[in-house]
>>> print(open('final.txt').read())   # compact mmCIF, C-alpha atoms and all ligand atoms
# COMPACT_ATOMS: atom_id res chain seq x y z
CA MET A 1439 -10.17 -20.95 -27.34
CA ILE A 1440 -7.74 -18.12 -26.57
CA SER A 1441 -4.11 -18.17 -25.46
CA VAL A 1442 -2.95 -17.46 -21.90
CA GLU A 1443 -1.40 -14.20 -23.10
CA THR A 1444 -4.64 -13.04 -24.76
CA ALA A 1445 -6.59 -13.98 -21.63
CA LEU A 1446 -4.22 -11.89 -19.49
CA ASP A 1447 -4.58 -8.95 -21.91
CA ILE A 1448 -8.37 -9.17 -21.70
CA ILE A 1449 -8.20 -9.28 -17.91
CA ASP A 1450 -5.87 -6.28 -17.98
CA THR A 1451 -8.13 -4.12 -20.14
CA ASN A 1452 -11.25 -5.06 -18.21
CA SER A 1453 -10.02 -4.51 -14.66
CA THR A 1454 -9.94 -1.00 -13.22
CA PRO A 1455 -9.24 0.10 -9.66
CA LEU A 1456 -12.17 0.21 -7.25
CA THR A 1457 -13.49 3.60 -6.14
CA PRO A 1458 -11.01 4.99 -3.58
CA LYS A 1459 -12.05 5.31 0.06
CA ILE A 1460 -10.88 7.37 2.99
CA LEU A 1461 -9.33 4.85 5.36
CA PRO A 1462 -8.08 5.41 8.89
CA LEU A 1463 -4.32 4.92 8.91
CA THR A 1464 -4.88 2.11 11.41
CA GLU A 1465 -6.68 0.12 8.69
CA ALA A 1466 -4.61 1.23 5.71
CA GLN A 1467 -1.79 -1.29 5.81
CA HIS A 1468 -1.35 -3.19 2.50
CA HIS A 1469 -3.63 -0.75 0.68
CA VAL A 1470 -2.35 1.45 -2.16
CA LEU A 1471 -2.58 5.25 -2.08
CA ALA A 1472 -5.19 6.57 -4.51
CA GLU A 1473 -3.85 10.13 -4.39
CA ASP A 1474 -0.67 11.94 -3.44
CA CYS A 1475 -0.41 12.25 0.32
CA ILE A 1476 0.61 15.80 1.24
CA SER A 1477 2.45 16.66 4.42
CA MET A 1478 0.71 19.26 6.58
CA ILE A 1479 3.89 19.88 8.57
CA THR A 1480 7.60 20.39 8.11
CA MET A 1481 9.59 17.47 9.51
CA PRO A 1482 11.52 17.83 11.68
CA PRO A 1483 9.57 20.93 12.72
CA PHE A 1484 12.66 22.38 14.50
CA ARG A 1485 16.41 21.78 14.55
CA GLN A 1486 16.76 18.47 16.40
CA SER A 1487 19.70 17.08 18.26
CA ALA A 1488 20.78 13.73 16.80
CA MET A 1489 22.84 12.85 19.89
CA ASP A 1490 22.94 12.90 23.65
CA GLY A 1491 25.62 15.52 24.35
CA TYR A 1492 26.04 19.29 24.36
CA ALA A 1493 24.81 22.00 22.02
CA LEU A 1494 27.50 24.69 21.83
CA ASN A 1495 28.03 28.14 20.43
CA LEU A 1496 31.57 27.45 19.17
CA ASN A 1497 34.19 30.10 19.85
CA GLY A 1498 37.32 28.31 18.62
CA THR A 1499 38.46 27.20 22.09
CA ASP A 1500 38.23 23.84 23.84
CA SER A 1501 36.42 25.04 26.96
CA TYR A 1502 32.72 25.92 27.34
CA THR A 1503 30.34 26.94 30.09
CA ILE A 1504 27.16 24.87 30.30
CA ILE A 1505 24.31 27.16 31.27
CA ALA A 1506 21.17 25.01 30.94
CA GLU A 1507 19.65 21.69 29.94
CA VAL A 1508 17.25 20.91 27.07
CA LYS A 1509 15.42 17.58 27.15
CA ALA A 1510 13.41 15.98 24.31
CA GLY A 1511 10.03 17.70 24.29
CA ASP A 1512 11.20 20.93 26.00
CA ALA A 1513 10.06 24.12 24.30
CA ILE A 1514 12.91 26.31 25.61
CA ASN A 1515 15.39 28.14 23.42
CA PRO A 1516 18.25 29.38 25.64
CA LYS A 1517 20.35 32.23 24.21
CA LEU A 1518 23.99 31.14 24.01
CA GLN A 1519 26.89 33.56 23.88
CA ALA A 1520 30.03 32.36 22.07
CA GLY A 1521 31.73 29.92 24.47
CA GLU A 1522 28.47 28.76 26.06
CA GLY A 1523 26.48 25.58 25.66
CA VAL A 1524 23.60 23.50 26.98
CA ARG A 1525 23.29 19.87 27.99
CA ILE A 1526 21.09 18.32 25.29
CA PHE A 1527 19.51 14.95 24.49
CA THR A 1528 18.52 13.14 21.31
CA GLY A 1529 15.37 14.62 19.76
CA ALA A 1530 15.55 17.85 21.77
CA ARG A 1531 15.27 21.27 20.17
CA VAL A 1532 18.75 22.71 19.47
CA PRO A 1533 18.93 26.35 20.61
CA ASP A 1534 18.93 28.76 17.63
CA THR A 1535 22.22 30.19 18.87
CA ALA A 1536 24.01 26.79 19.01
CA THR A 1537 26.39 26.14 16.12
CA THR A 1538 27.04 22.45 16.75
CA VAL A 1539 26.21 19.45 18.91
CA ILE A 1540 28.99 17.32 20.32
CA MET A 1541 28.33 13.78 21.55
CA GLN A 1542 28.87 13.34 25.27
CA GLU A 1543 31.43 10.54 24.75
CA LYS A 1544 33.85 13.09 23.27
CA THR A 1545 33.65 15.51 26.19
CA LYS A 1546 34.87 15.91 29.77
CA LYS A 1547 32.82 17.82 32.30
CA SER A 1548 33.87 19.35 35.56
CA GLY A 1549 31.21 21.40 37.32
CA THR A 1550 29.76 23.69 34.66
CA THR A 1551 32.90 23.59 32.52
CA LEU A 1552 33.03 21.35 29.49
CA SER A 1553 36.23 20.36 27.68
CA ILE A 1554 36.00 19.31 24.04
CA PRO A 1555 38.55 18.34 21.36
CA ASN A 1556 40.08 21.21 19.37
CA ASP A 1557 38.86 19.95 16.03
CA THR A 1558 35.13 19.93 16.90
CA PRO A 1559 33.35 20.80 13.63
CA VAL A 1560 30.47 23.23 13.09
CA ASN A 1561 26.93 21.95 12.38
CA LYS A 1562 27.44 18.38 13.53
CA ASN A 1563 24.76 16.09 14.94
CA ILE A 1564 21.96 18.52 14.12
CA ARG A 1565 18.98 17.37 12.05
CA PRO A 1566 18.04 20.50 10.10
CA THR A 1567 14.44 21.76 10.08
CA GLY A 1568 12.59 20.14 7.15
CA GLU A 1569 15.34 17.61 6.51
CA GLN A 1570 12.72 14.90 5.89
CA ILE A 1571 9.94 16.93 4.32
CA LYS A 1572 8.55 20.46 4.03
CA GLN A 1573 4.95 21.45 4.68
CA GLY A 1574 2.91 21.07 1.46
CA ASP A 1575 5.30 18.61 -0.16
CA VAL A 1576 4.26 15.14 -1.35
CA ALA A 1577 5.04 12.68 1.43
CA LEU A 1578 4.09 9.59 -0.58
CA SER A 1579 2.73 9.61 -4.10
CA LYS A 1580 -0.34 7.95 -5.58
CA GLY A 1581 0.28 4.25 -6.21
CA THR A 1582 2.52 3.72 -3.19
CA PRO A 1583 1.69 0.53 -1.27
CA LEU A 1584 1.34 1.21 2.43
CA ASN A 1585 3.83 -1.03 4.19
CA ALA A 1586 4.72 -0.69 7.87
CA ALA A 1587 7.34 2.01 7.20
CA ALA A 1588 4.91 4.02 5.06
CA ILE A 1589 2.31 3.86 7.83
CA GLY A 1590 4.93 4.98 10.35
CA PHE A 1591 6.17 7.78 8.10
CA LEU A 1592 2.65 9.17 7.60
CA ALA A 1593 1.82 8.88 11.30
CA GLY A 1594 5.03 10.83 12.01
CA LEU A 1595 3.61 13.64 9.89
CA GLY A 1596 0.46 13.68 12.01
CA ILE A 1597 -1.66 12.04 9.30
CA THR A 1598 -4.57 9.91 10.54
CA THR A 1599 -6.45 9.06 7.32
CA VAL A 1600 -5.50 8.33 3.72
CA LYS A 1601 -7.34 8.03 0.44
CA ALA A 1602 -6.62 4.51 -0.76
CA TYR A 1603 -8.02 1.75 -2.90
CA PRO A 1604 -10.21 -0.60 -0.89
CA SER A 1605 -9.99 -4.38 -1.00
CA PRO A 1606 -12.77 -5.97 -3.02
CA LYS A 1607 -15.72 -7.77 -1.54
CA VAL A 1608 -15.35 -11.28 -2.84
CA GLY A 1609 -18.04 -13.94 -3.06
CA ILE A 1610 -17.15 -17.60 -3.56
CA VAL A 1611 -19.86 -19.79 -5.05
CA VAL A 1612 -19.16 -23.47 -4.53
CA THR A 1613 -21.06 -25.86 -6.81
CA GLY A 1614 -21.34 -29.64 -6.64
CA ASN A 1615 -23.83 -32.22 -5.36
CA GLU A 1616 -20.92 -34.41 -4.30
CA LEU A 1617 -19.50 -31.97 -1.75
CA VAL A 1618 -19.60 -32.42 2.00
CA ALA A 1619 -18.16 -30.03 4.55
CA PRO A 1620 -14.97 -31.29 6.26
CA GLY A 1621 -15.78 -32.50 9.77
CA LEU A 1622 -18.97 -34.32 8.76
CA PRO A 1623 -19.16 -38.06 8.01
CA LEU A 1624 -18.39 -38.86 4.37
CA PRO A 1625 -21.27 -40.76 2.73
CA ASP A 1626 -20.66 -43.02 -0.25
CA GLY A 1627 -20.16 -41.12 -3.50
CA LYS A 1628 -19.29 -37.85 -1.78
CA ILE A 1629 -16.01 -35.98 -1.30
CA TYR A 1630 -14.98 -33.26 1.08
CA GLU A 1631 -15.34 -29.70 -0.16
CA SER A 1632 -11.97 -27.96 -0.22
CA ASN A 1633 -12.06 -25.20 -2.85
CA TYR A 1634 -13.74 -22.64 -0.63
CA ILE A 1635 -11.19 -22.76 2.15
CA GLN A 1636 -8.37 -22.95 -0.42
CA LEU A 1637 -9.53 -19.84 -2.28
CA HIS A 1638 -10.22 -18.16 1.04
CA ALA A 1639 -6.62 -18.82 2.10
CA ALA A 1640 -5.27 -17.52 -1.22
CA LEU A 1641 -7.37 -14.35 -0.89
CA THR A 1642 -6.26 -13.84 2.69
CA THR A 1643 -2.64 -13.96 1.53
CA MET A 1644 -3.54 -10.95 -0.63
CA HIS A 1645 -4.99 -9.20 2.44
CA ILE A 1646 -8.56 -9.58 1.21
CA SER A 1647 -10.83 -10.32 4.13
CA SER A 1648 -14.39 -9.57 3.02
CA ILE A 1649 -15.28 -13.02 1.71
CA THR A 1650 -18.75 -14.56 1.50
CA LYS A 1651 -19.49 -18.22 0.86
CA TYR A 1652 -22.40 -19.45 -1.24
CA MET A 1653 -23.20 -23.15 -1.69
CA VAL A 1654 -25.09 -24.39 -4.74
CA MET A 1655 -26.42 -27.80 -5.74
CA ASP A 1656 -26.08 -28.89 -9.36
CA ASP A 1657 -29.49 -27.57 -10.25
CA TYR A 1658 -30.14 -24.86 -12.84
CA GLU A 1659 -32.63 -22.69 -10.92
CA ASN A 1660 -30.64 -22.83 -7.69
CA THR A 1661 -27.41 -22.03 -9.54
CA LYS A 1662 -28.99 -19.08 -11.34
CA ASN A 1663 -30.57 -17.64 -8.18
CA ILE A 1664 -27.43 -17.88 -6.11
CA LEU A 1665 -25.27 -16.45 -8.91
CA GLN A 1666 -27.64 -13.52 -9.21
CA LYS A 1667 -27.39 -12.87 -5.48
CA GLY A 1668 -23.61 -13.25 -5.50
CA LEU A 1669 -23.24 -10.89 -8.45
CA LYS A 1670 -25.32 -8.26 -6.69
CA GLU A 1671 -23.51 -8.50 -3.35
CA ASN A 1672 -19.85 -8.49 -4.40
CA ASP A 1673 -17.15 -6.71 -6.38
CA VAL A 1674 -15.74 -10.05 -7.45
CA LEU A 1675 -17.49 -13.40 -7.75
CA LEU A 1676 -15.43 -16.58 -7.92
CA VAL A 1677 -17.37 -19.67 -8.89
CA SER A 1678 -15.94 -23.12 -8.22
CA GLY A 1679 -16.93 -25.93 -10.57
CA GLY A 1680 -19.90 -26.43 -12.86
CA ILE A 1681 -18.33 -24.49 -15.73
CA SER A 1682 -17.31 -27.49 -17.86
CA VAL A 1683 -19.42 -29.27 -20.47
CA GLY A 1684 -21.08 -31.96 -18.30
CA ASP A 1685 -24.86 -32.33 -18.21
CA TYR A 1686 -24.87 -31.00 -14.64
CA ASP A 1687 -22.59 -28.02 -15.24
CA PHE A 1688 -25.05 -25.14 -15.05
CA VAL A 1689 -22.80 -22.17 -14.33
CA GLY A 1690 -22.17 -21.13 -17.95
CA ARG A 1691 -25.84 -21.28 -18.91
CA ALA A 1692 -26.95 -19.49 -15.74
CA LEU A 1693 -24.42 -16.68 -16.24
CA ARG A 1694 -25.52 -16.29 -19.86
CA ASP A 1695 -29.18 -16.16 -18.84
CA LEU A 1696 -28.32 -13.53 -16.24
CA GLN A 1697 -26.88 -11.40 -19.08
CA THR A 1698 -23.36 -11.60 -17.70
CA GLN A 1699 -20.99 -10.25 -20.33
CA GLU A 1700 -18.64 -13.04 -21.40
CA LEU A 1701 -15.12 -11.68 -21.89
CA PHE A 1702 -13.65 -15.12 -22.48
CA TYR A 1703 -14.46 -18.77 -21.94
CA LYS A 1704 -11.80 -21.48 -22.30
CA VAL A 1705 -8.09 -20.82 -22.31
CA LYS A 1706 -5.45 -22.92 -24.12
CA GLN A 1707 -3.78 -24.00 -20.91
CA LYS A 1708 -3.22 -27.02 -18.71
CA PRO A 1709 -4.58 -27.19 -16.12
CA GLY A 1710 -7.60 -24.92 -16.16
CA LYS A 1711 -8.96 -24.97 -19.71
CA PRO A 1712 -12.64 -24.34 -18.85
CA LEU A 1713 -12.08 -20.91 -17.34
CA PHE A 1714 -14.75 -18.22 -17.69
CA PHE A 1715 -14.15 -14.49 -17.25
CA GLY A 1716 -16.95 -11.96 -17.42
CA LYS A 1717 -18.62 -8.87 -16.03
CA GLN A 1718 -22.03 -8.05 -14.71
CA ASN A 1719 -22.31 -4.28 -14.24
CA THR A 1720 -19.32 -3.53 -11.99
CA THR A 1721 -18.90 -7.09 -10.69
CA THR A 1722 -16.11 -9.22 -12.11
CA VAL A 1723 -16.80 -12.95 -12.41
CA PHE A 1724 -14.38 -15.81 -12.73
CA ALA A 1725 -15.82 -19.29 -13.05
CA LEU A 1726 -13.00 -21.63 -12.11
CA PRO A 1727 -12.82 -25.33 -12.88
CA GLY A 1728 -13.78 -27.51 -9.91
CA ASN A 1729 -10.67 -29.66 -9.87
CA PRO A 1730 -8.80 -28.26 -6.88
CA ALA A 1731 -5.39 -27.88 -8.54
CA SER A 1732 -6.91 -26.32 -11.67
CA SER A 1733 -8.93 -23.97 -9.57
CA LEU A 1734 -5.87 -22.78 -7.68
CA THR A 1735 -3.71 -22.40 -10.80
CA CYS A 1736 -6.42 -20.32 -12.47
CA PHE A 1737 -6.54 -18.22 -9.33
CA TYR A 1738 -2.79 -17.60 -9.32
CA VAL A 1739 -2.46 -17.00 -13.05
CA HIS A 1740 -5.64 -15.09 -13.88
CA VAL A 1741 -7.48 -13.97 -10.75
CA VAL A 1742 -4.43 -12.53 -8.94
CA PRO A 1743 -3.63 -9.90 -11.64
CA MET A 1744 -7.30 -8.88 -11.76
CA LEU A 1745 -7.41 -8.43 -7.97
CA GLN A 1746 -4.13 -6.50 -8.03
CA ARG A 1747 -5.59 -4.08 -10.57
CA LEU A 1748 -8.78 -3.61 -8.55
CA MET A 1749 -6.66 -2.76 -5.52
CA GLY A 1750 -4.63 -0.18 -7.45
CA GLN A 1751 -1.39 -2.16 -7.30
CA GLN A 1752 1.33 -1.55 -9.88
CA ASN A 1753 2.75 -5.08 -10.19
CA PHE A 1754 0.64 -7.71 -11.83
CA GLY A 1755 0.78 -11.46 -11.53
CA LEU A 1756 3.01 -13.60 -9.41
CA PRO A 1757 6.71 -12.68 -9.51
CA ARG A 1758 8.56 -14.48 -12.30
CA THR A 1759 12.13 -15.64 -12.52
CA LYS A 1760 14.24 -18.05 -14.58
CA LYS A 1761 15.84 -21.11 -12.96
CA GLN A 1762 17.89 -24.05 -14.16
CA LEU A 1763 15.82 -27.21 -14.55
CA THR A 1764 17.22 -30.24 -12.68
CA ASN A 1765 15.09 -32.72 -14.63
CA SER A 1766 13.68 -32.62 -18.15
CA TYR A 1767 10.12 -32.21 -19.30
CA GLN A 1768 8.57 -33.04 -22.63
CA LYS A 1769 5.42 -31.08 -23.30
CA ARG A 1770 2.85 -32.58 -25.64
CA GLY A 1771 -0.15 -30.87 -27.14
CA ASP A 1772 -0.82 -27.27 -28.02
CA ARG A 1773 -1.78 -25.86 -24.63
CA ALA A 1774 0.43 -23.79 -22.38
CA GLU A 1775 1.31 -25.62 -19.15
CA PHE A 1776 1.76 -24.59 -15.55
CA LEU A 1777 3.65 -27.27 -13.64
CA LYS A 1778 4.01 -27.60 -9.90
CA ALA A 1779 7.69 -27.29 -9.09
CA GLN A 1780 10.14 -26.86 -6.26
CA ILE A 1781 12.81 -24.16 -6.40
CA LEU A 1782 15.93 -24.73 -4.36
CA GLU A 1783 18.42 -21.88 -4.65
CA ASP A 1784 19.20 -21.45 -8.37
CA GLN A 1785 17.56 -24.64 -9.54
CA VAL A 1786 14.03 -25.83 -10.08
CA THR A 1787 12.61 -29.35 -10.21
CA ILE A 1788 9.30 -30.19 -11.86
CA LEU A 1789 7.49 -32.44 -9.39
CA ASP A 1790 5.69 -35.74 -10.00
CA GLY A 1791 1.92 -35.80 -9.65
CA GLN A 1792 0.68 -32.99 -11.89
CA SER A 1793 -2.94 -34.18 -12.07
CA SER A 1794 -5.40 -31.35 -11.73
CA ALA A 1795 -7.39 -33.39 -9.23
CA MET A 1796 -4.43 -33.80 -6.88
CA LEU A 1797 -3.21 -31.26 -4.39
CA HIS A 1798 -0.45 -33.16 -2.57
CA THR A 1799 2.22 -32.06 -5.06
CA TYR A 1800 0.86 -28.52 -5.04
CA ALA A 1801 1.12 -28.44 -1.26
CA LEU A 1802 4.87 -29.09 -1.57
CA ALA A 1803 5.48 -26.73 -4.51
CA ASN A 1804 6.84 -23.22 -4.21
CA ALA A 1805 6.67 -22.38 -7.90
CA LEU A 1806 4.88 -23.09 -11.16
CA VAL A 1807 7.06 -23.72 -14.21
CA TYR A 1808 5.49 -22.13 -17.27
CA PHE A 1809 5.75 -23.52 -20.78
CA SER A 1810 4.04 -21.50 -23.50
CA ALA A 1811 1.66 -23.17 -25.95
CA THR A 1812 4.35 -23.47 -28.63
CA SER A 1813 7.07 -24.81 -26.31
CA ASN A 1814 8.05 -28.49 -26.43
CA GLY A 1815 9.22 -28.51 -22.83
CA ALA A 1816 12.81 -28.28 -21.71
CA ASP A 1817 15.98 -30.35 -21.34
CA GLN A 1818 17.83 -30.85 -18.09
CA ASN A 1819 20.02 -27.86 -17.08
CA THR A 1820 18.22 -25.37 -19.33
CA LEU A 1821 16.64 -22.22 -17.96
CA VAL A 1822 12.87 -22.30 -17.53
CA GLU A 1823 10.37 -19.63 -16.57
CA CYS A 1824 9.05 -19.92 -13.02
CA MET A 1825 6.22 -18.17 -11.25
CA LEU A 1826 6.86 -17.87 -7.54
CA LEU A 1827 3.97 -19.04 -5.39
CA PRO A 1828 3.08 -16.87 -2.40
P1 LIG A 1901 -16.50 -29.73 -11.97
O1 LIG A 1901 -15.65 -28.61 -12.49
O2 LIG A 1901 -17.69 -29.24 -11.23
O3 LIG A 1901 -16.86 -30.65 -13.10
O4 LIG A 1901 -15.62 -30.55 -10.96
C1 LIG A 1901 -14.43 -31.17 -11.41
C2 LIG A 1901 -13.88 -32.05 -10.31
O5 LIG A 1901 -13.54 -31.27 -9.21
C3 LIG A 1901 -14.83 -33.11 -9.80
O6 LIG A 1901 -14.10 -34.28 -9.54
C4 LIG A 1901 -15.36 -32.50 -8.54
O7 LIG A 1901 -15.79 -33.46 -7.62
C5 LIG A 1901 -14.18 -31.75 -8.01
N1 LIG A 1901 -14.61 -30.60 -7.24
C6 LIG A 1901 -15.47 -29.67 -7.65
N2 LIG A 1901 -15.67 -28.75 -6.71
C7 LIG A 1901 -14.90 -29.11 -5.66
C8 LIG A 1901 -14.68 -28.55 -4.38
N3 LIG A 1901 -15.28 -27.42 -4.00
N4 LIG A 1901 -13.82 -29.17 -3.55
C9 LIG A 1901 -13.19 -30.30 -3.93
N5 LIG A 1901 -13.36 -30.86 -5.13
C10 LIG A 1901 -14.22 -30.29 -6.00
MG MG A 1902 -19.37 -30.14 -10.55
>>> encode(input="final.txt", output="structure tokens")
Amino acid sequence: MISVETALDIIDTNSTPLTPKILPLTEAQHHVLAEDCISMITMPPFRQSAMDGYALNLNGTDSYTIIAEVKAGDAINPKLQAGEGVRIFTGARVPDTATTVIMQEKTKKSGTTLSIPNDTPVNKNIRPTGEQIKQGDVALSKGTPLNAAAIGFLAGLGITTVKAYPSPKVGIVVTGNELVAPGLPLPDGKIYESNYIQLHAALTTMHISSITKYMVMDDYENTKNILQKGLKENDVLLVSGGISVGDYDFVGRALRDLQTQELFYKVKQKPGKPLFFGKQNTTTVFALPGNPASSLTCFYVHVVPMLQRLMGQQNFGLPRTKKQLTNSYQKRGDRAEFLKAQILEDQVTILDGQSSAMLHTYALANALVYFSATSNGADQNTLVECMLLP
């Protein structure tokens, strides 16, 4: 059995970004740039007025003759003699011969004569050509996540496509004879299936939308056939349940018989000990324990950093922070623990109901408190490590 830290190292070294794709900018949000994005234009492409007002050729006096008007979008470039100006609006091209723009609030106009204060400075309220970026320069570099502003910035440079890392195709294989779809009657001995929709929700939070569901009975041949199909059809295969040591847990054996490379099986952690990580050609497989809370913790701790790497992201794992513990916790045993907890401002409380079969506590948690394998827990008011849940 390996430690959490070793497991994360193995995941790190065995997860590489997916092959980049050309994506339309309209579909690129949340993706990460796979190459530097070069600007094809200089921005702004011309000297732009930053105000509604007057563009003037200053002559040291306080009186100017307004000879024309330039609106945003106009292509005209009136020639101004010293002492002349044009009416101008925000975003409009400033005439080459104008030496400043004065905001209209500071002026008085009578007919074509404009009065301005004596101390009007040169070169005010003009956005210089190329102030934002020059043609051929890097607009955004490789590794930049495309948030709304990045999308807007690139669109403003006339860019319509980007080379970015795609989101993985994820398959979720749900195992268990006891599982019934929510909405159907619940026969004796059965429970409602909840891991698929839970993992689906967690993937959606990461902006992964290509998700396929596979259902498997606890039967060796069926398990093996469906796993084979899932491995072929996806970049990532998440298997729920059937990976423990019970007589009807067939996932481990089936993966082995399919020649899936085992990178680790079993991690010294609570919950989520029977966790399998492996590879089949270019497909990454995680077999997660079936207990819903274990399954989700394994997802947050181990699957999230793998997915982030595949998608070319630069930050791995859930964000971590230290908070003051309002209660105390005594950890027994030699496994690391992830405990459902509630952060309120600078403090964190470890919640009751940590069973890996129970989700109620998890539903109310906004963090997991982490105790390493060698820790004995923590006293009240001490600082503990917290992972922030999405
Ligand atoms: P397993 O890992 O297959 O031994 O399952 C461990 C526990 O988790 C059992 O109590 C299962 O009934 C439960 N379980 C497994 N899969 C699911 C699922 N998809 N939804 C809800 N509970 C599950
Ligand atoms: Mg099972």
>>> residues_near_point(input="final.txt", point="(-8.9, -1.1, 2.5)", cutoff="8 Å", atoms="only C-alpha atoms", output="list of chain:residue names")
A:Lys1459, A:Leu1461, A:Glu1465, A:Ala1466, A:Gln1467, A:His1468, A:His1469, A:Ala1602, A:Tyr1603, A:Pro1604, A:Ser1605
>>> closest_residue(input="final.txt", among="A:Asn1615, A:Gln1718, A:Ser1647, A:Gln1762", to="ligand MG 1902 (chain A)", atoms="only C-alpha atoms and all ligand atoms")
A:Asn1615
>>> atom_distance(input="final.txt", atom1="atom CA of Leu1471 of chain A", atom2="atom CA of Leu1826 of chain A")
25.6 Å
>>> residues_around(input="final.txt", residues="segment 1701-1710 of chain A", least_positions_apart="6", cutoff="7 Å", atoms="only C-alpha atoms", output="PyMOL selection string")
chain A and resi 1439-1442+1716+1727+1732-1733+1736+1773-1776+1794
>>> atom_distance(input="final.txt", atom1="atom CA of Leu1827 of chain A", atom2="atom CA of Asn1804 of chain A")
5.2 Å
>>> closest_residue(input="final.txt", among="A:Ala1530, A:Ile1649, A:Leu1748, A:Cys1475", to="Ala1488 of chain A", atoms="only C-alpha atoms")
A:Ala1530
>>> closest_atom_pairs(input="final.txt", of="chain A", to="ligand MG 1902 (chain A)", cutoff="6 Å", atoms="only C-alpha atoms and all ligand atoms", output="JSON lines")
{"residue": "A:Thr1613", "atom": "CA", "partner": "A:MG1902", "partner_atom": "MG", "distance": 5.9}
{"residue": "A:Gly1614", "atom": "CA", "partner": "A:MG1902", "partner_atom": "MG", "distance": 4.4}
{"residue": "A:Gly1679", "atom": "CA", "partner": "A:MG1902", "partner_atom": "MG", "distance": 4.9}
{"residue": "A:Gly1680", "atom": "CA", "partner": "A:MG1902", "partner_atom": "MG", "distance": 4.4}
>>> residues_near_point(input="final.txt", point="(27.8, 25.5, 27.8)", cutoff="12 Å", atoms="only C-alpha atoms", output="count of residues only")
43
>>> closest_residue(input="final.txt", among="A:Pro1559, A:Leu1595, A:Ala1795, A:Gln1697", to="Val1576 of chain A", atoms="all atoms listed in the file")
A:Leu1595
>>> residues_near_ligand(input="final.txt", ligand="ligand LIG 1901 (chain A)", cutoff="7 Å", atoms="all atoms listed in the file", output="list in words")
Val1612, Thr1613, Gly1614, Glu1616, Leu1617, Ile1629, Tyr1630, Glu1631, Ser1632, Asn1633, Tyr1634, Ser1678, Gly1679, Gly1680, Ile1681, Ser1682, Gly1684, Asp1687, Pro1727, Gly1728, Asn1729, Pro1730 and Ala1795 of chain A
>>> atom_distance(input="final.txt", atom1="atom CA of Pro1623 of chain A", atom2="atom CA of Ile1664 of chain A")
26.0 Å
>>> axis_aligned_box(input="final.txt", around="segment 1474-1490 of chain A", padding_each_side="6 Å", output="JSON")
{"center_x": 11.1, "center_y": 17.2, "center_z": 10.1, "size_x": 35.6, "size_y": 22.4, "size_z": 39.1}
>>> closest_atom_pairs(input="final.txt", of="segment 1702-1809 of chain A", to="segment 1641-1645 of chain A", cutoff="10 Å", atoms="only C-alpha atoms", output="JSON lines")
{"residue": "A:Phe1737", "atom": "CA", "partner": "A:Leu1641", "partner_atom": "CA", "distance": 9.3}
{"residue": "A:Val1741", "atom": "CA", "partner": "A:Leu1641", "partner_atom": "CA", "distance": 9.9}
{"residue": "A:Val1742", "atom": "CA", "partner": "A:Met1644", "partner_atom": "CA", "distance": 8.5}
{"residue": "A:Leu1745", "atom": "CA", "partner": "A:Met1644", "partner_atom": "CA", "distance": 8.7}
{"residue": "A:Gln1746", "atom": "CA", "partner": "A:Met1644", "partner_atom": "CA", "distance": 8.7}
>>> residues_around(input="final.txt", residues="Arg1758 of chain A", least_positions_apart="2", cutoff="12 Å", atoms="only C-alpha atoms", output="PyMOL selection string")
chain A and resi 1739+1753-1756+1760-1761+1805-1808+1822-1828
>>> residues_around(input="final.txt", residues="Arg1531 of chain A", least_positions_apart="3", cutoff="7 Å", atoms="only C-alpha atoms", output="list of chain:residue names")
A:Phe1484, A:Arg1485, A:Gln1486, A:Ser1487, A:Ala1510
>>> write_last_selection(input="final.txt", atoms="C-alpha atoms", output="compact mmCIF listing (two decimals), keeping the file's coordinate frame")
# COMPACT_ATOMS: atom_id res chain seq x y z
CA PHE A 1484 12.66 22.38 14.50
CA ARG A 1485 16.41 21.78 14.55
CA GLN A 1486 16.76 18.47 16.40
CA SER A 1487 19.70 17.08 18.26
CA ALA A 1510 13.41 15.98 24.31
>>> residues_around(input="final.txt", residues="Gln1570 of chain A", least_positions_apart="6", cutoff="8 Å", atoms="all atoms listed in the file", output="list of chain:residue names")
A:Thr1480, A:Met1481, A:Pro1482
>>> closest_residue(input="final.txt", among="A:Val1723, A:Ile1788, A:Ile1635, A:Gln1768", to="His1740 of chain A", atoms="all atoms listed in the file")
A:Val1723
>>> closest_residue(input="final.txt", among="A:Ala1692, A:Ile1610, A:Ala1586, A:Val1600", to="Glu1659 of chain A", atoms="all atoms listed in the file")
A:Ala1692
>>> closest_residue(input="final.txt", among="A:Leu1446, A:Ile1571, A:Val1608, A:Met1489", to="Gln1542 of chain A", atoms="only C-alpha atoms")
A:Met1489
